$ cat entry32.tsv   # TSV, C-alpha atoms and all ligand atoms
chain	number	residue	atom	x	y	z
A	6	MET	CA	0.00	0.00	0.00
A	7	ALA	CA	2.74	2.48	1.00
A	8	GLN	CA	4.64	1.74	-2.20
A	9	ASP	CA	1.46	2.24	-4.23
A	10	ARG	CA	0.96	5.61	-2.58
A	11	ASN	CA	4.56	6.60	-3.38
A	12	LEU	CA	4.12	5.58	-6.99
A	13	LEU	CA	0.92	7.61	-7.17
A	14	THR	CA	2.76	10.68	-5.80
A	15	VAL	CA	5.55	10.29	-8.35
A	16	ILE	CA	3.03	10.05	-11.19
A	17	LEU	CA	1.15	13.08	-9.86
A	18	VAL	CA	4.35	15.15	-9.61
A	19	CYS	CA	5.31	14.12	-13.14
A	20	CYS	CA	1.91	15.15	-14.47
A	21	LEU	CA	2.04	18.51	-12.71
A	22	THR	CA	5.53	19.15	-14.03
A	23	VAL	CA	4.44	18.42	-17.61
A	24	VAL	CA	1.39	20.65	-17.22
A	25	SER	CA	3.41	23.56	-15.85
A	26	ILE	CA	6.06	23.24	-18.60
A	27	VAL	CA	3.29	23.30	-21.22
A	28	ALA	CA	1.73	26.35	-19.54
A	29	LEU	CA	5.11	28.10	-19.46
A	30	VAL	CA	5.73	27.39	-23.14
A	31	LEU	CA	2.23	28.59	-24.09
A	32	GLY	CA	2.74	31.71	-22.03
A	33	ILE	CA	6.03	32.53	-23.73
A	34	ILE	CA	4.50	31.94	-27.17
A	35	SER	CA	1.55	34.23	-26.49
A	36	LEU	CA	3.83	36.93	-25.11
A	37	ASN	CA	5.92	36.79	-28.28
A	38	GLN	CA	2.84	36.98	-30.47
A	39	SER	CA	1.37	40.08	-28.86
A	40	GLY	CA	4.78	41.70	-28.92
A	41	GLY	CA	5.02	40.92	-32.61
A	42	GLU	CA	1.66	42.51	-33.42
A	43	THR	CA	2.64	45.97	-32.31
A	44	GLY	CA	6.13	45.80	-33.71
A	45	SER	CA	5.84	43.85	-36.92
A	46	ASP	CA	4.13	46.21	-39.34
A	47	GLY	CA	6.13	49.16	-38.06
A	48	GLN	CA	3.19	51.53	-38.57
A	49	PRO	CA	2.43	53.46	-35.40
A	50	ILE	CA	-1.23	54.32	-34.98
A	51	ASN	CA	-0.36	57.93	-34.23
A	52	ILE	CA	-0.67	59.59	-37.64
A	53	PHE	CA	1.63	62.43	-36.63
A	54	THR	CA	4.70	60.32	-36.25
A	55	GLN	CA	4.86	59.82	-39.99
A	56	SER	CA	5.12	63.44	-41.02
A	57	GLY	CA	8.48	63.97	-39.41
A	58	GLN	CA	7.27	67.35	-38.16
A	59	SER	CA	6.23	66.39	-34.67
A	60	SER	CA	8.85	66.31	-31.99
A	61	SER	CA	7.67	65.03	-28.64
A	62	SER	CA	5.43	62.22	-29.84
A	63	GLY	CA	7.81	61.16	-32.59
A	64	SER	CA	8.73	57.89	-30.95
A	65	SER	CA	5.27	56.90	-29.80
A	66	LEU	CA	4.53	53.29	-30.56
A	67	ALA	CA	0.75	53.39	-30.43
A	68	SER	CA	-0.23	53.39	-26.78
A	69	SER	CA	3.17	53.34	-25.11
A	70	SER	CA	3.98	57.05	-24.91
A	71	SER	CA	0.47	58.45	-25.31
A	72	SER	CA	-1.60	59.50	-22.36
A	73	ASP	CA	-4.15	56.77	-23.05
A	74	ASP	CA	-4.84	53.86	-25.39
A	75	LYS	CA	-7.83	55.35	-27.18
A	76	VAL	CA	-7.68	56.04	-30.91
A	77	TRP	CA	-9.86	59.07	-31.62
A	78	LEU	CA	-11.72	58.72	-34.91
A	79	PHE	CA	-12.57	61.81	-36.94
A	80	ALA	CA	-14.82	61.55	-39.99
A	81	ILE	CA	-13.79	63.60	-42.99
A	82	GLY	CA	-15.05	63.94	-46.56
A	83	HIS	CA	-13.50	65.63	-49.55
A	84	TYR	CA	-15.03	68.24	-51.81
A	85	ASP	CA	-12.02	69.37	-53.77
A	86	ASP	CA	-11.48	72.44	-51.62
A	87	ILE	CA	-8.32	73.67	-49.93
A	88	LEU	CA	-9.92	72.67	-46.60
A	89	GLU	CA	-10.26	68.99	-47.51
A	90	TYR	CA	-9.43	67.19	-50.75
A	91	LEU	CA	-8.35	63.77	-51.93
A	92	ASP	CA	-4.66	63.80	-52.82
A	93	GLU	CA	-4.42	61.32	-55.69
A	94	THR	CA	-0.67	60.73	-55.42
A	95	THR	CA	-0.66	59.65	-51.77
A	96	TYR	CA	-4.33	58.66	-51.82
A	97	THR	CA	-4.99	60.40	-48.51
A	98	ILE	CA	-7.29	63.25	-47.51
A	99	LYS	CA	-5.31	66.47	-47.28
A	100	GLY	CA	-5.98	70.14	-46.68
A	101	PHE	CA	-6.12	72.72	-43.93
A	102	GLY	CA	-8.58	70.58	-41.91
A	103	PRO	CA	-6.26	67.52	-41.72
A	104	ASP	CA	-3.31	69.86	-40.96
A	105	ILE	CA	-5.17	71.22	-37.93
A	106	VAL	CA	-6.24	67.74	-36.72
A	107	ASP	CA	-2.59	66.60	-37.00
A	108	ALA	CA	-1.25	69.55	-35.07
A	109	VAL	CA	-3.88	69.62	-32.32
A	110	CYS	CA	-3.70	65.87	-31.67
A	111	SER	CA	0.07	66.06	-31.62
A	112	ILE	CA	0.08	68.80	-28.96
A	113	ALA	CA	-2.59	66.95	-26.96
A	114	ASN	CA	-0.58	63.71	-27.33
A	115	LYS	CA	-3.64	61.86	-28.59
A	116	ASN	CA	-3.81	59.09	-31.14
A	117	CYS	CA	-6.09	60.43	-33.86
A	118	GLN	CA	-7.18	58.85	-37.10
A	119	LEU	CA	-9.09	60.36	-40.01
A	120	VAL	CA	-11.94	58.18	-41.28
A	121	TYR	CA	-13.36	58.91	-44.72
A	122	ASP	CA	-17.16	58.94	-44.87
A	123	VAL	CA	-19.89	60.73	-46.83
A	124	TYR	CA	-21.01	64.01	-45.27
A	125	GLU	CA	-24.60	62.82	-44.87
A	126	HIS	CA	-23.45	60.40	-42.16
A	127	CYS	CA	-22.44	63.41	-40.07
A	128	TRP	CA	-25.33	65.68	-40.89
A	129	ASP	CA	-28.46	64.91	-42.93
A	130	ASN	CA	-30.25	67.71	-44.74
A	131	GLN	CA	-32.85	66.80	-47.38
A	132	ALA	CA	-35.06	69.29	-49.26
A	133	GLY	CA	-38.39	69.69	-47.53
A	134	GLU	CA	-37.29	67.89	-44.36
A	135	ARG	CA	-35.89	69.10	-41.07
A	136	PRO	CA	-32.09	68.93	-41.02
A	137	ARG	CA	-30.86	66.43	-38.46
A	138	GLY	CA	-27.93	64.40	-37.16
A	139	GLY	CA	-26.46	61.70	-39.39
A	140	PRO	CA	-26.19	58.04	-38.38
A	141	GLY	CA	-22.37	58.01	-38.34
A	142	LEU	CA	-21.90	60.62	-35.65
A	143	MET	CA	-25.19	59.97	-33.85
A	144	GLY	CA	-24.46	56.24	-33.84
A	145	GLY	CA	-20.90	56.58	-32.58
A	146	TRP	CA	-19.13	55.22	-35.67
A	147	TYR	CA	-16.53	57.90	-34.88
A	148	ASP	CA	-15.86	60.47	-32.17
A	149	GLY	CA	-16.23	63.62	-34.25
A	150	CYS	CA	-16.72	65.07	-37.72
A	151	THR	CA	-14.08	67.55	-38.91
A	152	GLY	CA	-14.64	70.98	-40.39
A	153	TRP	CA	-18.32	71.56	-39.72
A	154	VAL	CA	-19.42	75.16	-39.27
A	155	GLN	CA	-21.63	75.73	-36.25
A	156	THR	CA	-25.26	76.49	-37.03
A	157	LEU	CA	-28.33	76.93	-34.87
A	158	ASP	CA	-29.81	73.71	-36.26
A	159	ARG	CA	-26.64	71.71	-35.68
A	160	LEU	CA	-26.42	73.12	-32.14
A	161	LEU	CA	-29.84	71.59	-31.47
A	162	THR	CA	-28.21	68.19	-31.93
A	163	TYR	CA	-24.47	68.41	-31.47
A	164	TYR	CA	-21.64	69.85	-29.38
A	165	PHE	CA	-18.66	71.65	-30.93
A	166	THR	CA	-15.05	72.55	-30.24
A	167	VAL	CA	-14.02	76.18	-30.68
A	168	PRO	CA	-13.89	77.08	-34.40
A	169	TYR	CA	-10.59	76.89	-36.26
A	170	THR	CA	-11.73	78.92	-39.29
A	171	ASN	CA	-13.78	82.03	-39.86
A	172	GLY	CA	-17.34	81.61	-40.98
A	173	ARG	CA	-18.04	82.51	-44.60
A	174	ALA	CA	-20.43	85.32	-45.56
A	175	VAL	CA	-23.83	84.49	-47.09
A	176	ALA	CA	-25.58	86.52	-49.78
A	177	LEU	CA	-28.52	86.73	-52.18
A	178	PHE	CA	-27.95	86.70	-55.93
A	179	ALA	CA	-30.07	87.31	-59.01
A	180	LYS	CA	-29.62	87.53	-62.78
A	181	ASN	CA	-27.62	90.53	-63.96
A	182	ASP	CA	-30.65	92.20	-65.54
A	183	SER	CA	-33.05	91.40	-62.68
A	184	THR	CA	-34.84	94.20	-60.84
A	185	VAL	CA	-35.52	92.10	-57.73
A	186	THR	CA	-34.44	93.62	-54.41
A	187	TYR	CA	-33.06	91.54	-51.56
A	188	ASN	CA	-35.45	92.88	-48.92
A	189	ASP	CA	-38.69	91.61	-50.49
A	190	LEU	CA	-38.96	87.97	-51.53
A	191	THR	CA	-42.76	87.89	-51.67
A	192	ASN	CA	-43.89	85.32	-54.26
A	193	LEU	CA	-40.35	84.84	-55.59
A	194	THR	CA	-38.73	81.46	-56.12
A	195	VAL	CA	-35.45	80.94	-54.25
A	196	GLY	CA	-32.68	78.39	-54.80
A	197	PHE	CA	-30.53	76.76	-52.09
A	198	LEU	CA	-27.57	74.40	-52.14
A	199	ASP	CA	-28.64	71.05	-50.77
A	200	GLY	CA	-27.04	70.16	-47.44
A	201	TRP	CA	-25.48	73.60	-46.86
A	202	ASN	CA	-26.26	75.65	-43.76
A	203	SER	CA	-27.58	78.56	-45.87
A	204	ASP	CA	-30.98	76.89	-46.18
A	205	GLU	CA	-34.62	78.00	-46.15
A	206	PHE	CA	-34.71	77.78	-42.34
A	207	CYS	CA	-31.86	80.24	-42.14
A	208	LEU	CA	-33.46	82.58	-44.69
A	209	ALA	CA	-36.64	82.61	-42.57
A	210	ARG	CA	-34.60	84.11	-39.70
A	211	TYR	CA	-34.09	87.36	-41.65
A	212	LYS	CA	-36.84	89.51	-40.15
A	213	ASN	CA	-35.64	92.49	-42.24
A	214	ILE	CA	-36.62	90.64	-45.44
A	215	VAL	CA	-40.32	90.71	-46.33
A	216	GLY	CA	-41.56	87.25	-47.26
A	217	SER	CA	-38.43	85.48	-45.99
A	218	THR	CA	-40.54	82.56	-44.73
A	219	LEU	CA	-41.13	80.76	-48.01
A	220	SER	CA	-43.89	78.33	-48.89
A	221	ALA	CA	-42.96	74.91	-50.29
A	222	ASN	CA	-43.56	75.91	-53.93
A	223	GLN	CA	-41.01	78.75	-53.63
A	224	ILE	CA	-38.17	76.49	-52.46
A	225	PHE	CA	-35.75	74.87	-54.94
A	226	HIS	CA	-32.73	72.79	-53.94
A	227	TYR	CA	-29.64	72.19	-56.09
A	228	GLN	CA	-26.81	69.72	-55.81
A	229	SER	CA	-24.11	72.14	-56.95
A	230	ALA	CA	-23.37	75.84	-57.38
A	231	ASP	CA	-23.23	75.43	-61.17
A	232	LEU	CA	-26.69	73.88	-61.31
A	233	MET	CA	-28.11	76.69	-59.19
A	234	ILE	CA	-26.45	79.35	-61.37
A	235	ASP	CA	-27.94	77.74	-64.50
A	236	ALA	CA	-31.37	77.84	-62.85
A	237	VAL	CA	-31.04	81.58	-62.19
A	238	LEU	CA	-29.74	82.32	-65.70
A	239	ASN	CA	-32.54	80.25	-67.27
A	240	GLY	CA	-35.23	81.96	-65.19
A	241	VAL	CA	-36.23	78.78	-63.31
A	242	ILE	CA	-35.65	80.64	-60.02
A	243	ASP	CA	-35.62	84.37	-59.28
A	244	VAL	CA	-33.03	84.42	-56.52
A	245	ALA	CA	-30.19	82.25	-55.22
A	246	PHE	CA	-29.29	82.20	-51.53
A	247	GLY	CA	-25.93	80.82	-50.46
A	248	GLU	CA	-22.42	81.34	-49.22
A	249	LEU	CA	-20.41	83.97	-51.02
A	250	LEU	CA	-18.73	81.56	-53.42
A	251	SER	CA	-16.60	82.85	-56.27
A	252	GLN	CA	-18.79	80.96	-58.79
A	253	PHE	CA	-21.78	83.08	-57.78
A	254	THR	CA	-20.06	86.45	-57.82
A	255	SER	CA	-18.50	85.80	-61.23
A	256	SER	CA	-21.75	84.99	-63.02
A	257	LEU	CA	-24.61	86.58	-61.05
A	258	LYS	CA	-25.54	89.94	-59.54
A	259	LEU	CA	-25.06	90.32	-55.80
A	260	ILE	CA	-28.30	91.87	-54.55
A	261	SER	CA	-27.73	91.77	-50.78
A	262	PRO	CA	-25.66	94.57	-49.20
A	263	PRO	CA	-21.94	94.09	-48.35
A	264	ASP	CA	-22.66	94.11	-44.60
A	265	PHE	CA	-25.45	91.50	-44.89
A	266	ASP	CA	-25.74	89.59	-41.59
A	267	ASN	CA	-24.89	85.90	-41.52
A	268	ASN	CA	-27.88	84.38	-39.71
A	269	CYS	CA	-26.90	80.87	-40.81
A	270	GLN	CA	-23.64	80.30	-39.00
A	271	ALA	CA	-23.08	80.36	-35.28
A	272	GLY	CA	-19.35	79.79	-35.68
A	273	GLY	CA	-16.67	78.73	-38.14
A	274	ALA	CA	-15.46	75.23	-38.96
A	275	SER	CA	-15.07	73.12	-35.81
A	276	ILE	CA	-14.98	69.51	-34.70
A	277	MET	CA	-18.63	68.49	-34.40
A	278	THR	CA	-19.37	65.82	-31.80
A	279	ARG	CA	-22.05	64.39	-29.52
A	280	HIS	CA	-22.91	66.05	-26.24
A	281	THR	CA	-21.47	63.07	-24.39
A	282	ASN	CA	-17.98	63.78	-25.81
A	283	ARG	CA	-17.12	66.62	-23.42
A	284	ASP	CA	-13.73	65.00	-22.88
A	285	LEU	CA	-12.83	65.36	-26.56
A	286	VAL	CA	-13.92	69.01	-26.63
A	287	ASN	CA	-11.92	69.75	-23.46
A	288	TRP	CA	-8.60	68.32	-24.62
A	289	TRP	CA	-9.06	69.68	-28.15
A	290	ASN	CA	-9.83	73.23	-27.00
A	291	ASP	CA	-6.92	73.17	-24.59
A	292	ALA	CA	-4.47	71.95	-27.25
A	293	PHE	CA	-5.86	74.31	-29.89
A	294	GLN	CA	-5.28	77.26	-27.56
A	295	ARG	CA	-1.67	76.16	-27.14
A	296	LEU	CA	-1.37	75.81	-30.94
A	297	ARG	CA	-2.42	79.43	-31.31
A	298	ASP	CA	-0.30	80.69	-28.42
A	299	ARG	CA	2.81	79.06	-29.87
A	300	GLY	CA	2.23	80.65	-33.28
A	301	ARG	CA	2.01	77.23	-34.90
A	302	TYR	CA	-1.55	77.94	-36.04
A	303	ASN	CA	-0.34	80.94	-38.05
A	304	GLU	CA	2.49	78.87	-39.53
A	305	ILE	CA	-0.01	76.26	-40.72
A	306	CYS	CA	-2.21	78.99	-42.21
A	307	GLU	CA	0.67	80.65	-44.01
A	308	ALA	CA	1.84	77.30	-45.39
A	309	ILE	CA	-1.53	76.75	-47.14
A	310	PRO	CA	-0.46	78.28	-50.49
A	311	GLU	CA	2.67	76.11	-50.63
A	312	ARG	CA	1.09	72.87	-49.35
A	313	HIS	CA	-2.36	73.06	-50.92
A	314	GLY	CA	-2.21	75.99	-53.36
A	315	HIS	CA	-2.84	73.71	-56.36
A	316	ILE	CA	-6.41	73.19	-55.07
A	317	ALA	CA	-9.18	75.81	-55.33
A	318	GLY	CA	-10.28	77.63	-52.22
A	319	GLN	CA	-10.33	80.84	-50.27
A	320	ASP	CA	-7.21	82.77	-49.37
A	321	TYR	CA	-5.72	81.78	-46.01
A	322	THR	CA	-6.37	85.29	-44.69
A	323	GLU	CA	-10.08	84.63	-45.23
A	324	ILE	CA	-10.01	81.09	-43.84
A	325	CYS	CA	-7.85	81.61	-40.77
A	326	LEU	CA	-8.71	83.36	-37.51
A	327	GLY	CA	-6.92	86.57	-36.66
A	328	TYR	CA	-5.95	87.89	-40.11
A	401	LIG	C1	-48.55	86.64	-54.44
A	401	LIG	O1	-49.28	85.55	-54.99
A	401	LIG	C2	-50.57	85.45	-54.52
A	401	LIG	C3	-51.18	84.15	-55.03
A	401	LIG	O2	-50.85	83.96	-56.37
A	401	LIG	C4	-51.37	86.70	-54.97
A	401	LIG	O3	-52.70	86.65	-54.49
A	401	LIG	C5	-50.68	87.93	-54.43
A	401	LIG	O4	-51.31	89.10	-54.93
A	401	LIG	C6	-49.21	87.96	-54.81
A	401	LIG	N1	-48.54	89.07	-54.13
A	401	LIG	C7	-47.72	89.91	-54.75
A	401	LIG	C8	-47.14	91.01	-53.90
A	401	LIG	O5	-47.46	89.81	-55.91
A	402	LIG	C1	-22.97	89.49	-64.91
A	402	LIG	O1	-22.20	90.63	-64.56
A	402	LIG	C2	-20.88	90.32	-64.14
A	402	LIG	C3	-20.24	91.61	-63.65
A	402	LIG	O2	-20.45	92.66	-64.54
A	402	LIG	C4	-20.13	89.66	-65.26
A	402	LIG	O3	-18.83	89.35	-64.86
A	402	LIG	C5	-20.86	88.39	-65.66
A	402	LIG	O4	-20.23	87.80	-66.75
A	402	LIG	C6	-22.31	88.69	-65.99
A	402	LIG	N1	-23.01	87.42	-66.17
A	402	LIG	C7	-23.60	87.07	-67.30
A	402	LIG	C8	-24.24	85.74	-67.32
A	402	LIG	O5	-23.61	87.79	-68.27
$ encode --input "entry32.tsv" --output "structure tokens"
Amino acid sequence: MAQDRNLLTVILVCCLTVVSIVALVLGIISLNQSGGETGSDGQPINIFTQSGQSSSSGSSLASSSSSDDKVWLFAIGHYDDILEYLDETTYTIKGFGPDIVDAVCSIANKNCQLVYDVYEHCWDNQAGERPRGGPGLMGGWYDGCTGWVQTLDRLLTYYFTVPYTNGRAVALFAKNDSTVTYNDLTNLTVGFLDGWNSDEFCLARYKNIVGSTLSANQIFHYQSADLMIDAVLNGVIDVAFGELLSQFTSSLKLISPPDFDNNCQAGGASIMTRHTNRDLVNWWNDAFQRLRDRGRYNEICEAIPERHGHIAGQDYTEICLGY
């Protein structure tokens, strides 16, 4: 019996030894694998480490040197403007907007990533319907949408960082030979650019314009500035309402005065986010203030012609704050 018990103990010890060796080997293998994942592709998540311009976060390997592990996702589109466009050679979204996201995230030491999506997933604005939040931002597909001007309607739904551009003026336009005046739109037909903040709800806020609250049969929406200009020139609509784009001023008559109020925008281009993302707005605003204090903001603005000058857009003195 005693011998049996000894034999049993020896077998048990052997089994335990085998099990622990296997566990040790498995442990070492899994450690090596997870180490390999972060190191193997050599692409840090922090997008700013690739530009060679950032200093402090230059060596960050994803989470290691950042203040937290989170990757902040920012939706961006491209509309062939100096603010955001698709660069065909690198096949990335470039422009003043991405430059600002890079710089602010770098100062804040946050891992940020641009995510391409259609604009409608950030903000949905269909003719004849109330403008409203889009499923991408409302549904948390990303943390924020870049470059959205603040409007009263958007403020009903979303929360914003401080603006990083000036707002753009809005104006009313008519055909060169038109006798229509801006302060009476009674029974006139008016065109709007679909999805833009200069919409019929904004026009209705102009109490100094008679008939500014239009009925449905006076409202026409267009997908592009060129289509709206054609409609004015062909007499389909009497008046066009929109941002002061160069296409409008070069082909139509400006009928609103030079000091026409902008009742559409509550602030320039900002990061638009959900009300629950106070944390994002706090660190962004703090880092953006430091960007301005250090003069880096002005450097980015003044580099626009060199970096993005081959793309159409406003002058940096119009885009940027403080010029
Ligand atoms: C506007 O149209 C309505 C209905 O067609 C008409 O009764 C009214 O006189 C028009 N007002 C002006 C100022 O033309
Ligand atoms: C309207 O007038 C402006 C300024 O005089 C001119 O540049 C433009 O070509 C004119 N548009 C048309 C369609 O004739």
$ residues_around --input "entry32.tsv" --residues "stretch 247-258 of chain A" --least-positions-apart "2" --cutoff "9 Å" --atoms "all atoms listed in the file" --output "JSON, numbers by chain"
{"A": [173, 174, 175, 176, 177, 178, 179, 180, 181, 182, 183, 196, 197, 198, 201, 202, 203, 204, 230, 231, 234, 237, 238, 245, 260, 319]}
$ atom_distance --input "entry32.tsv" --atom1 "atom CA of A:Val185" --atom2 "atom CA of A:Gly216"
13.0 Å
$ atom_distance --input "entry32.tsv" --atom1 "atom CA of A:Val195" --atom2 "atom O5 of ligand LIG 401 (chain A)"
15.0 Å
$ residues_around --input "entry32.tsv" --residues "A:Thr162" --least-positions-apart "2" --cutoff "8 Å" --atoms "all atoms listed in the file" --output "ChimeraX atom specification"
/A:137-138,158-160,164,279
$ residues_near_ligand --input "entry32.tsv" --ligand "ligand LIG 401 (chain A)" --cutoff "9 Å" --atoms "only C-alpha atoms and all ligand atoms" --output "ChimeraX atom specification"
/A:191-193
$ closest_residue --input "entry32.tsv" --among "A:Gly102, A:Gly314, A:Gly272, A:Gly240" --to "ligand LIG 402 (chain A)" --atoms "all atoms listed in the file"
A:Gly240
$ closest_residue --input "entry32.tsv" --among "A:Gly149, A:Asp107, A:Ala221, A:Gln155" --to "A:His126" --atoms "all atoms listed in the file"
A:Gly149
